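Each remark here refers to the structure printed beneath this line.
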Amino acid sequence: MSKGITSRAENYSQWYNELVVKADLADSSAVRGCMVIKPYGYAIWEKMQAQLDKMFKETGHVNAYFPLFIPKSFFSREASHVEGFAKECAVVTHYRLKNSPDGKGIVVDDDAKLEEELIVRPTSETIIWNTYKDWIHSYRDLPLLINQWANVVRWEMRTRLFLRTAEFLWQEGHTAHATKEEAIAETTKMINVYADFAEKYMAVPVIKGAKTANERFAGALDTYCIEALMQDGKALQAGTSHFLGQNFAKAFDVKFATREGTLDYVWATSWGVSTRLMGALIMAHSDDNGLVLPPKLAPIHVVIVPIYLKPEQLALLSVKILPLKQELETKGLTVKFDDRDTVKPGFKFAEHELKGIPVRIAIGPRDVENGTVEIARRDTLTKEVYPMSEAVDVVTRLMNEIQENIYRKASDFRTANTYRTDSYAEFKEILDKGGFILAHWDGTAETEDRIKDETKATIRCIPFDAPEEAGKCILTGKPSNRRVLFARAY
RNA sequence: CGGGGUGUAGCGCAGUCCGGUUAGCGUAUCUGCUUUGGGAGCAGAGGGUCGCAGGUUCGAAUCCUGCCACCCCGACCA
């Protein structure tokens with residue numbers, strides 16, 4: 001890496017603070033571990049939301065909303081779930097404040113203690129399954145395919161902007177099915193939706209696979225995930241889809257009358273992606289000049305910068321620019337005409353690059369004279385002069401080219417940083433450089449833990465497409481029949 | 001929760017060890033003129049509970065005590 005935003009930083013938090021703050025995406029908030037998502041950052045999230053929501057609906061899901069507060073007793077009904085989440089929950093214990101007797105501000109009113117504490121949801125399985133009990137009685141009520149867009153709170157000991165904030169925005173799908181097979185099919189379907197979204201929209205290549213028992217969601221029988229590789233060589237879990245079996249149905253007593261007239265517990269799945277995807281997007285593509293956004297998720301596709309000396313010249317340029325803007329908009333593009341007279345063109349160029357706007361058009365008096373425009377692309381930082389008449393075609397073509405190019409770049413990067421090794425010594429060396437490692441593992445939690453302790457590497461997943469291959473565990477030498485994906489992760 | 005660090009103008013920092021002019025620099029902001037095809041220049045102006053509370057002192061950003069907040073490293077983490 002050369003000089004610039006990505007290389008100046010000594011660690012990723014610093015990298016992040018520098019880029020995220022400068023590109024106007026988010027700030028740390030006054031509240032521990034939380035963030036303020038700024039308008040430009042939120043606009044990117046809205047684009048993600050819109051596309052994901054469309055994909056959920058295309059796969060038969062509908063949206064609903066469930067409470068933020070979960071009675072503590074709900075939580076303890078599923079044993080492994082409470083074990084997985086209890087340590088990191090925010091708890092509401094009182095419902096009133098009062099003026100402090102000493103006149104110094106406000107204190108919690110001890111008389112207003114809740115009989116049962118409320119947990120601020122870290123995930124909604126429990127409150128949703130408590131509701132599903134009333135909604136599901138017959139096989140005719142199934143499948144129930146619901147998604148919720150919400151905020152959740154997890155009081156993590158250590159937070160990182162976008163990657164692990166105390167409060168974050170996400171969607172969580174919660175489905176109920178009559179059969180095990182159907183629930184597993186749903187789990188697979190949704191991990192595929194996530195993978196498609198990551199690759200086709202975010203332009204981030206991902207590896208689909210199953211989590212090991214150690215890394216599985218608390219309360220799930222199986223967890224599928226997509227894993228992406230960031231530019232610093234660390235892995236990021238970008239989305240998960242869980243097969244919950246009948247665990248929650250049993251915990252919340254959700255039974256249904258089958259077609260055959262028997263009574264059975266329903267089969268469940270849950271799946272989610274969060275604002276962490278913003279982190280993935282930033283870390284996967286950004287360069288030393290700032291953010292690089294895939295056109296399909298960029299809030300602004302094209303910025304037009306007029307170059308002029310006097311206000312009269314801006315008026316003349318506008319005559320050329322406004323019709324061009326309009327024509328681009330009819331092609332479905334979002335176009336910003338940056339006619340601010342408070343900053344110079346050079347400043348605008350740098351600013352739009354920092355924000356990752358895919359294409360920039362500059363028009364000055366020289367262009368008006370020649371009937372041309374200058375078109376610059378963010379991904380390659382190259383610029384060329386075209387006849388005005390070709391501008392719309394060039395820009396629409398560039399949208400596809402840039403989308404493909406940044407995917408290819410990320411994909412090439414991943415290929416170059418994915419290793420296979422059968423030597424534990426080499427395994428450790430590779431980890432220090434960063435990247436994915438495909439290696440054999442004996443399948444035991446003990447080995448997985450020991451590797452984690454010794455190297456900080458975790459098994460990201462057992463890739464679905466891992467071919468059968470006889471080998472020996474990298475640590476113990478015991479037999480293994482396929483390679484699994486190791487990496488240091490966020 | 002353990003280890004380390006930092007709190008001084010919107011932002012970034014110096015000053016603190018060794019107390020002493022009116023608390024300073026960069027940047028941003030405002031005004032004016034000149035500039036405008038890659039982050040403008042000059043001149044002037046405004047902006048401060050020095051994290052909070054107490055103490056020592058003729059005098060505290062600076063020393064002492066207590067507290068708070070944030071950041072980094074670790075433990076932890078669908």
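A note on labels: chains of the structure tokens are A, B, ... as shown, every chain counts residues from 1, and ligands are counted from 1 in their shown order.
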Chain A residues within 8 Å of chain B, counting only C-alpha atoms (C1' of nucleotides): which ones, as a PDB file with C-alpha atoms, in the first residue's frame?
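out29.pdb was written with the following content:
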ATOM      1  CA  GLU A 156     -20.079  -6.021  23.810  1.00  0.00           C
ATOM      2  CA  MET A 157     -16.952  -5.462  25.840  1.00  0.00           C
ATOM      3  CA  ARG A 158     -15.128  -4.134  22.841  1.00  0.00           C
ATOM      4  CA  ARG A 216     -22.693 -21.690  15.905  1.00  0.00           C
ATOM      5  CA  PHE A 217     -25.492 -19.304  16.891  1.00  0.00           C
ATOM      6  CA  ALA A 218     -26.701 -19.795  20.450  1.00  0.00           C
ATOM      7  CA  THR A 240     -25.707 -15.715   8.850  1.00  0.00           C
ATOM      8  CA  ILE A 307     -15.566  24.867 -14.116  1.00  0.00           C
ATOM      9  CA  TYR A 308     -15.953  28.580 -14.403  1.00  0.00           C
ATOM     10  CA  LEU A 309     -14.604  31.957 -13.433  1.00  0.00           C
ATOM     11  CA  LYS A 344     -13.042  25.419  -6.074  1.00  0.00           C
ATOM     12  CA  PRO A 345     -13.225  22.546  -8.566  1.00  0.00           C
ATOM     13  CA  GLY A 346     -10.128  20.825  -7.219  1.00  0.00           C
ATOM     14  CA  PHE A 347     -11.692  20.678  -3.794  1.00  0.00           C
ATOM     15  CA  LYS A 348     -14.875  19.225  -5.224  1.00  0.00           C
ATOM     16  CA  PHE A 349     -12.968  16.551  -7.142  1.00  0.00           C
ATOM     17  CA  ALA A 350     -11.200  15.415  -3.996  1.00  0.00           C
ATOM     18  CA  GLY A 364     -15.811  24.092 -18.483  1.00  0.00           C
TER      19      GLY A 364
END
Can you tell me which residues surround Trp149 in chain A at a distance of at most 8 Å, considering only C-alpha atoms (C1' of nucleotides), apart from same-chain residues fewer than 6 positions away, and format the answer as an mmCIF file with N, CA and C atoms, in the first residue's frame?
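Final output, selection-v6.cif:
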data_model
loop_
_atom_site.group_PDB
_atom_site.id
_atom_site.type_symbol
_atom_site.label_atom_id
_atom_site.label_comp_id
_atom_site.auth_asym_id
_atom_site.auth_seq_id
_atom_site.Cartn_x
_atom_site.Cartn_y
_atom_site.Cartn_z
ATOM 1 N N ASN A 63 -42.817 -8.204 5.864
ATOM 2 C CA ASN A 63 -42.258 -7.501 7.016
ATOM 3 C C ASN A 63 -43.266 -7.351 8.146
ATOM 4 N N ALA A 64 -42.746 -7.365 9.361
ATOM 5 C CA ALA A 64 -43.564 -7.093 10.551
ATOM 6 C C ALA A 64 -42.654 -6.469 11.593
ATOM 7 N N TYR A 65 -43.241 -6.088 12.721
ATOM 8 C CA TYR A 65 -42.416 -5.477 13.763
ATOM 9 C C TYR A 65 -42.795 -6.000 15.142
ATOM 10 N N LEU A 169 -28.230 -1.481 13.452
ATOM 11 C CA LEU A 169 -29.437 -1.685 12.655
ATOM 12 C C LEU A 169 -29.268 -2.983 11.888
ATOM 13 N N TRP A 170 -30.351 -3.716 11.751
ATOM 14 C CA TRP A 170 -30.272 -4.958 10.985
ATOM 15 C C TRP A 170 -31.635 -5.373 10.523
ATOM 16 N N GLN A 171 -31.656 -6.493 9.839
ATOM 17 C CA GLN A 171 -32.914 -7.171 9.586
ATOM 18 C C GLN A 171 -32.762 -8.570 10.137
ATOM 19 N N GLU A 172 -33.857 -9.114 10.645
ATOM 20 C CA GLU A 172 -33.828 -10.481 11.136
ATOM 21 C C GLU A 172 -35.050 -11.193 10.596
#
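Reported to one decimal place, the separation of CA of Thr455 in chain A from CA of Lys478 in chain A is 19.2 Å.
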Near C42 in chain B, counting only C-alpha atoms (C1' of nucleotides), which residues have an atom at most 12 Å away, once you skip same-chain residues fewer than 4 positions from it, shown as a ChimeraX atom specification?
-> /B:32-35
Selected residues, C-alpha atoms (C1' of nucleotides), written as an mmCIF file, in the first residue's frame, please.
data_model
loop_
_atom_site.group_PDB
_atom_site.id
_atom_site.type_symbol
_atom_site.label_atom_id
_atom_site.label_comp_id
_atom_site.auth_asym_id
_atom_site.auth_seq_id
_atom_site.Cartn_x
_atom_site.Cartn_y
_atom_site.Cartn_z
ATOM 1 C "C1'" G B 32 -12.688 42.089 2.019
ATOM 2 C "C1'" C B 33 -9.707 41.769 -2.401
ATOM 3 C "C1'" U B 34 -7.368 38.575 -5.792
ATOM 4 C "C1'" U B 35 -8.055 33.516 -7.578
#
Tell me, as a PyMOL selection string, which residues lie within 10 Å of range 17-24 of chain B, counting only C-alpha atoms (C1' of nucleotides); anything in the same chain fewer than 2 positions away does not count.
-> chain B and resi 8+14-15+48+50+57+59-63
Write a file of the selected residues as a PDB file, in the first residue's frame, keeping N, CA and C atoms (P, O5', C5', C4', C3', O3' and C1' of nucleotides).
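What landed in selection16.pdb:
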ATOM      1  P     U B   8      -9.970  18.391  25.087  1.00  0.00           P
ATOM      2  O5'   U B   8      -9.212  19.607  25.790  1.00  0.00           O
ATOM      3  C5'   U B   8      -9.910  20.493  26.648  1.00  0.00           C
ATOM      4  C4'   U B   8      -9.283  21.859  26.620  1.00  0.00           C
ATOM      5  C3'   U B   8      -9.129  22.474  25.247  1.00  0.00           C
ATOM      6  O3'   U B   8     -10.330  23.058  24.778  1.00  0.00           O
ATOM      7  C1'   U B   8      -7.100  22.694  26.385  1.00  0.00           C
ATOM      8  P     A B  14      -0.071  16.980  21.820  1.00  0.00           P
ATOM      9  O5'   A B  14       0.564  18.429  22.016  1.00  0.00           O
ATOM     10  C5'   A B  14       1.718  18.778  21.266  1.00  0.00           C
ATOM     11  C4'   A B  14       2.140  20.206  21.513  1.00  0.00           C
ATOM     12  C3'   A B  14       2.498  20.610  22.933  1.00  0.00           C
ATOM     13  O3'   A B  14       3.729  20.073  23.363  1.00  0.00           O
ATOM     14  C1'   A B  14       1.382  22.371  21.831  1.00  0.00           C
ATOM     15  P     G B  15       3.963  19.634  24.876  1.00  0.00           P
ATOM     16  O5'   G B  15       3.661  20.992  25.657  1.00  0.00           O
ATOM     17  C5'   G B  15       4.621  22.044  25.675  1.00  0.00           C
ATOM     18  C4'   G B  15       4.034  23.245  26.362  1.00  0.00           C
ATOM     19  C3'   G B  15       3.710  23.070  27.840  1.00  0.00           C
ATOM     20  O3'   G B  15       4.856  23.292  28.640  1.00  0.00           O
ATOM     21  C1'   G B  15       1.894  24.138  26.732  1.00  0.00           C
ATOM     22  P     G B  48     -15.832  31.894  23.641  1.00  0.00           P
ATOM     23  O5'   G B  48     -14.688  30.836  23.937  1.00  0.00           O
ATOM     24  C5'   G B  48     -14.796  29.487  23.490  1.00  0.00           C
ATOM     25  C4'   G B  48     -14.129  28.572  24.484  1.00  0.00           C
ATOM     26  C3'   G B  48     -14.407  28.898  25.947  1.00  0.00           C
ATOM     27  O3'   G B  48     -14.588  27.703  26.659  1.00  0.00           O
ATOM     28  C1'   G B  48     -12.079  28.935  25.551  1.00  0.00           C
ATOM     29  P     C B  50     -11.717  26.522  31.958  1.00  0.00           P
ATOM     30  O5'   C B  50     -11.720  25.470  30.734  1.00  0.00           O
ATOM     31  C5'   C B  50     -11.573  24.110  30.983  1.00  0.00           C
ATOM     32  C4'   C B  50     -10.390  23.552  30.235  1.00  0.00           C
ATOM     33  C3'   C B  50      -9.522  22.618  31.068  1.00  0.00           C
ATOM     34  O3'   C B  50      -9.198  21.482  30.276  1.00  0.00           O
ATOM     35  C1'   C B  50      -8.179  24.253  30.040  1.00  0.00           C
ATOM     36  P     U B  57      -2.285  26.968  51.917  1.00  0.00           P
ATOM     37  O5'   U B  57      -1.636  27.799  50.734  1.00  0.00           O
ATOM     38  C5'   U B  57      -0.235  27.712  50.477  1.00  0.00           C
ATOM     39  C4'   U B  57       0.092  28.416  49.188  1.00  0.00           C
ATOM     40  C3'   U B  57      -0.439  29.842  49.065  1.00  0.00           C
ATOM     41  O3'   U B  57       0.383  30.766  49.745  1.00  0.00           O
ATOM     42  C1'   U B  57      -0.848  28.646  47.061  1.00  0.00           C
ATOM     43  P     G B  59      -4.035  32.610  46.570  1.00  0.00           P
ATOM     44  O5'   G B  59      -3.509  32.641  45.078  1.00  0.00           O
ATOM     45  C5'   G B  59      -4.083  33.560  44.143  1.00  0.00           C
ATOM     46  C4'   G B  59      -3.351  33.492  42.831  1.00  0.00           C
ATOM     47  C3'   G B  59      -3.298  32.121  42.181  1.00  0.00           C
ATOM     48  O3'   G B  59      -4.491  31.849  41.468  1.00  0.00           O
ATOM     49  C1'   G B  59      -1.151  33.104  42.110  1.00  0.00           C
ATOM     50  P     A B  60      -5.065  30.334  41.340  1.00  0.00           P
ATOM     51  O5'   A B  60      -3.931  29.577  40.511  1.00  0.00           O
ATOM     52  C5'   A B  60      -3.624  29.966  39.165  1.00  0.00           C
ATOM     53  C4'   A B  60      -3.505  28.734  38.301  1.00  0.00           C
ATOM     54  C3'   A B  60      -4.795  27.931  38.161  1.00  0.00           C
ATOM     55  O3'   A B  60      -4.786  27.295  36.896  1.00  0.00           O
ATOM     56  C1'   A B  60      -3.192  26.609  39.218  1.00  0.00           C
ATOM     57  P     A B  61      -5.419  28.035  35.632  1.00  0.00           P
ATOM     58  O5'   A B  61      -5.501  26.891  34.540  1.00  0.00           O
ATOM     59  C5'   A B  61      -6.403  25.799  34.721  1.00  0.00           C
ATOM     60  C4'   A B  61      -5.884  24.575  34.022  1.00  0.00           C
ATOM     61  C3'   A B  61      -4.681  23.919  34.700  1.00  0.00           C
ATOM     62  O3'   A B  61      -5.096  22.983  35.654  1.00  0.00           O
ATOM     63  C1'   A B  61      -4.246  24.231  32.381  1.00  0.00           C
ATOM     64  P     U B  62      -4.264  22.756  36.970  1.00  0.00           P
ATOM     65  O5'   U B  62      -2.779  22.460  36.473  1.00  0.00           O
ATOM     66  C5'   U B  62      -2.444  21.232  35.827  1.00  0.00           C
ATOM     67  C4'   U B  62      -0.985  21.262  35.461  1.00  0.00           C
ATOM     68  C3'   U B  62      -0.045  21.236  36.644  1.00  0.00           C
ATOM     69  O3'   U B  62       1.070  20.415  36.365  1.00  0.00           O
ATOM     70  C1'   U B  62       0.354  23.166  35.332  1.00  0.00           C
ATOM     71  P     C B  63       1.042  18.912  36.932  1.00  0.00           P
ATOM     72  O5'   C B  63       1.197  19.155  38.498  1.00  0.00           O
ATOM     73  C5'   C B  63       2.478  19.227  39.099  1.00  0.00           C
ATOM     74  C4'   C B  63       2.341  19.302  40.601  1.00  0.00           C
ATOM     75  C3'   C B  63       1.279  18.376  41.190  1.00  0.00           C
ATOM     76  O3'   C B  63       1.774  17.065  41.365  1.00  0.00           O
ATOM     77  C1'   C B  63       1.013  20.540  42.098  1.00  0.00           C
TER      78        C B  63
END
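Of the residues listed (A:Asp449, A:Asp341, A:Asp412, A:Asp232), A:Asp232 shows the shortest atom-to-atom separation from Lys433 in chain A; distances use only C-alpha atoms.
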Could you pull out all residues of range 73-313 of chain A with a DSSP call of strand (DSSP E or B) and give them as number ranges by chain?
-> A: 91-94, 97-99, 106-108, 113-120, 138, 144-153, 160, 164, 167-177, 207-210, 222-229, 235-245, 255-257, 263-265, 267-274, 287, 290, 302-306
I need the residues from that last selection saved to file as a compact mmCIF listing (two decimals), in the first residue's frame (with C-alpha atoms), if you can.
# COMPACT_ATOMS: atom_id res chain seq x y z
CA VAL A 91 -31.42 -4.41 31.10
CA VAL A 92 -34.25 -2.04 32.02
CA THR A 93 -34.88 -2.18 35.75
CA HIS A 94 -36.87 1.02 36.46
CA LEU A 97 -36.77 9.23 37.27
CA LYS A 98 -37.15 11.91 39.90
CA ASN A 99 -35.41 15.08 40.97
CA ILE A 106 -32.07 13.67 38.34
CA VAL A 107 -31.86 10.21 39.89
CA VAL A 108 -33.56 6.86 39.32
CA LYS A 113 -38.66 -0.70 40.15
CA LEU A 114 -40.05 -3.09 37.55
CA GLU A 115 -41.34 -6.36 38.92
CA GLU A 116 -39.79 -8.16 36.01
CA GLU A 117 -36.78 -6.63 34.31
CA LEU A 118 -36.92 -6.02 30.57
CA ILE A 119 -34.07 -6.95 28.27
CA VAL A 120 -33.35 -4.66 25.36
CA SER A 138 -52.38 -25.67 11.96
CA LEU A 144 -44.75 -18.35 8.27
CA LEU A 145 -42.14 -16.20 6.55
CA ILE A 146 -41.53 -12.95 8.38
CA ASN A 147 -38.77 -10.37 8.37
CA GLN A 148 -38.21 -7.49 10.75
CA TRP A 149 -36.12 -4.34 10.19
CA ALA A 150 -35.01 -3.18 13.59
CA ASN A 151 -32.28 -2.01 15.92
CA VAL A 152 -30.74 -4.33 18.47
CA VAL A 153 -28.38 -3.82 21.40
CA ARG A 160 -15.63 -1.11 16.56
CA ARG A 164 -19.38 -4.22 16.29
CA GLU A 167 -26.52 -0.65 19.04
CA PHE A 168 -26.86 -1.58 15.41
CA LEU A 169 -29.44 -1.68 12.65
CA TRP A 170 -30.27 -4.96 10.99
CA GLN A 171 -32.91 -7.17 9.59
CA GLU A 172 -33.83 -10.48 11.14
CA GLY A 173 -35.91 -13.08 9.36
CA HIS A 174 -37.83 -15.57 11.50
CA THR A 175 -39.58 -18.40 9.74
CA ALA A 176 -41.64 -21.36 10.84
CA HIS A 177 -42.11 -24.55 8.83
CA ILE A 207 -17.45 -17.93 0.73
CA LYS A 208 -20.57 -19.80 1.78
CA GLY A 209 -20.28 -22.48 4.38
CA ALA A 210 -21.37 -23.93 7.69
CA ASP A 222 -26.74 -25.38 12.25
CA THR A 223 -25.43 -21.96 11.23
CA TYR A 224 -24.61 -21.09 7.63
CA CYS A 225 -22.59 -17.98 6.91
CA ILE A 226 -20.92 -15.91 4.23
CA GLU A 227 -17.33 -14.92 4.89
CA ALA A 228 -15.56 -12.06 3.13
CA LEU A 229 -11.88 -11.13 3.08
CA ALA A 235 -11.99 -12.16 7.56
CA LEU A 236 -15.41 -10.69 8.19
CA GLN A 237 -18.60 -12.63 8.77
CA ALA A 238 -21.04 -10.76 6.58
CA GLY A 239 -24.27 -12.65 7.14
CA THR A 240 -25.71 -15.71 8.85
CA SER A 241 -28.65 -18.02 8.36
CA HIS A 242 -29.59 -20.43 11.15
CA PHE A 243 -31.44 -23.70 11.18
CA LEU A 244 -32.99 -23.66 14.65
CA GLY A 245 -34.58 -27.09 14.56
CA LYS A 255 -47.24 -26.90 18.14
CA PHE A 256 -49.36 -27.33 15.05
CA ALA A 257 -51.93 -29.83 13.83
CA LEU A 263 -49.58 -32.63 16.75
CA ASP A 264 -45.97 -31.57 16.13
CA TYR A 265 -43.54 -28.79 17.00
CA TRP A 267 -39.31 -26.13 12.56
CA ALA A 268 -37.61 -22.75 12.61
CA THR A 269 -34.99 -20.63 10.93
CA SER A 270 -33.62 -17.18 11.53
CA TRP A 271 -31.26 -15.10 9.42
CA GLY A 272 -29.80 -11.63 9.54
CA VAL A 273 -27.48 -9.03 8.16
CA SER A 274 -26.61 -5.72 9.77
CA ASP A 287 -8.30 3.05 -1.51
CA GLY A 290 -11.25 7.31 0.07
CA VAL A 302 -22.76 10.87 -11.17
CA VAL A 303 -21.57 14.26 -10.05
CA ILE A 304 -21.28 17.10 -12.53
CA VAL A 305 -18.72 19.77 -11.71
CA PRO A 306 -18.84 23.05 -13.63
DSSP on the backbone, then: every residue of range 203-432 of chain A marked alpha helix (DSSP H), written as number ranges by chain.
-> A: 247-251, 276-285, 311-330, 345-354, 365-370, 391-416, 424-432
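Closest approach to Arg259 in chain A among A:Ile184, A:Leu161, A:Tyr139, A:Ser100: A:Tyr139, based on only C-alpha atoms.
Minimum atom-to-atom distance to Gly356 in chain A, evaluated using only C-alpha atoms, belongs to A:Pro295 out of A:Gly219, A:Pro143, A:Gly279, A:Pro295.
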Enter the distance from C1' of C30 in chain B to CA of Ser29 in chain A, in Å, rounded to one decimal.
-> 28.7 Å
Residue nearest Ser286 in chain A among A:Leu19, A:Val484, A:Ala445, A:Val62 (counting only C-alpha atoms) = A:Leu19
So which one's closest to Met230 in chain A, A:Thr476, A:Asn417, A:Thr123, A:Ser80? Using only C-alpha atoms, please.
-> A:Asn417
Near range 373-375 of chain A, counting only C-alpha atoms (C1' of nucleotides), which residues have an atom at most 6 Å away, once you skip same-chain residues fewer than 5 positions from it, shown as a PDB file with N, CA and C atoms, in the first residue's frame?
ATOM      1  N   ARG A 360     -17.544  11.070 -12.396  1.00  0.00           N
ATOM      2  CA  ARG A 360     -17.574  12.529 -12.329  1.00  0.00           C
ATOM      3  C   ARG A 360     -17.500  13.104 -13.727  1.00  0.00           C
ATOM      4  N   ILE A 361     -18.359  14.074 -13.992  1.00  0.00           N
ATOM      5  CA  ILE A 361     -18.293  14.773 -15.271  1.00  0.00           C
ATOM      6  C   ILE A 361     -17.880  16.214 -14.989  1.00  0.00           C
ATOM      7  N   ALA A 362     -16.853  16.691 -15.686  1.00  0.00           N
ATOM      8  CA  ALA A 362     -16.445  18.091 -15.540  1.00  0.00           C
ATOM      9  C   ALA A 362     -16.712  18.809 -16.865  1.00  0.00           C
ATOM     10  N   ILE A 363     -17.316  19.978 -16.751  1.00  0.00           N
ATOM     11  CA  ILE A 363     -17.589  20.777 -17.946  1.00  0.00           C
ATOM     12  C   ILE A 363     -17.147  22.215 -17.703  1.00  0.00           C
ATOM     13  N   ASP A 367     -14.840  23.053 -22.864  1.00  0.00           N
ATOM     14  CA  ASP A 367     -15.704  21.988 -23.354  1.00  0.00           C
ATOM     15  C   ASP A 367     -16.871  22.546 -24.155  1.00  0.00           C
ATOM     16  N   LYS A 383      -9.365   9.608 -16.393  1.00  0.00           N
ATOM     17  CA  LYS A 383     -10.352  10.505 -16.996  1.00  0.00           C
ATOM     18  C   LYS A 383     -10.091  10.667 -18.485  1.00  0.00           C
ATOM     19  N   GLU A 384     -11.194  10.846 -19.225  1.00  0.00           N
ATOM     20  CA  GLU A 384     -11.090  10.990 -20.677  1.00  0.00           C
ATOM     21  C   GLU A 384     -12.083  12.023 -21.165  1.00  0.00           C
ATOM     22  N   VAL A 385     -11.754  12.636 -22.303  1.00  0.00           N
ATOM     23  CA  VAL A 385     -12.656  13.629 -22.896  1.00  0.00           C
ATOM     24  C   VAL A 385     -13.499  12.956 -23.985  1.00  0.00           C
ATOM     25  N   TYR A 386     -14.814  13.192 -23.935  1.00  0.00           N
ATOM     26  CA  TYR A 386     -15.733  12.607 -24.919  1.00  0.00           C
ATOM     27  C   TYR A 386     -16.590  13.717 -25.523  1.00  0.00           C
ATOM     28  N   MET A 388     -19.868  15.593 -26.209  1.00  0.00           N
ATOM     29  CA  MET A 388     -21.071  15.735 -25.384  1.00  0.00           C
ATOM     30  C   MET A 388     -22.148  14.734 -25.789  1.00  0.00           C
TER      31      MET A 388
END
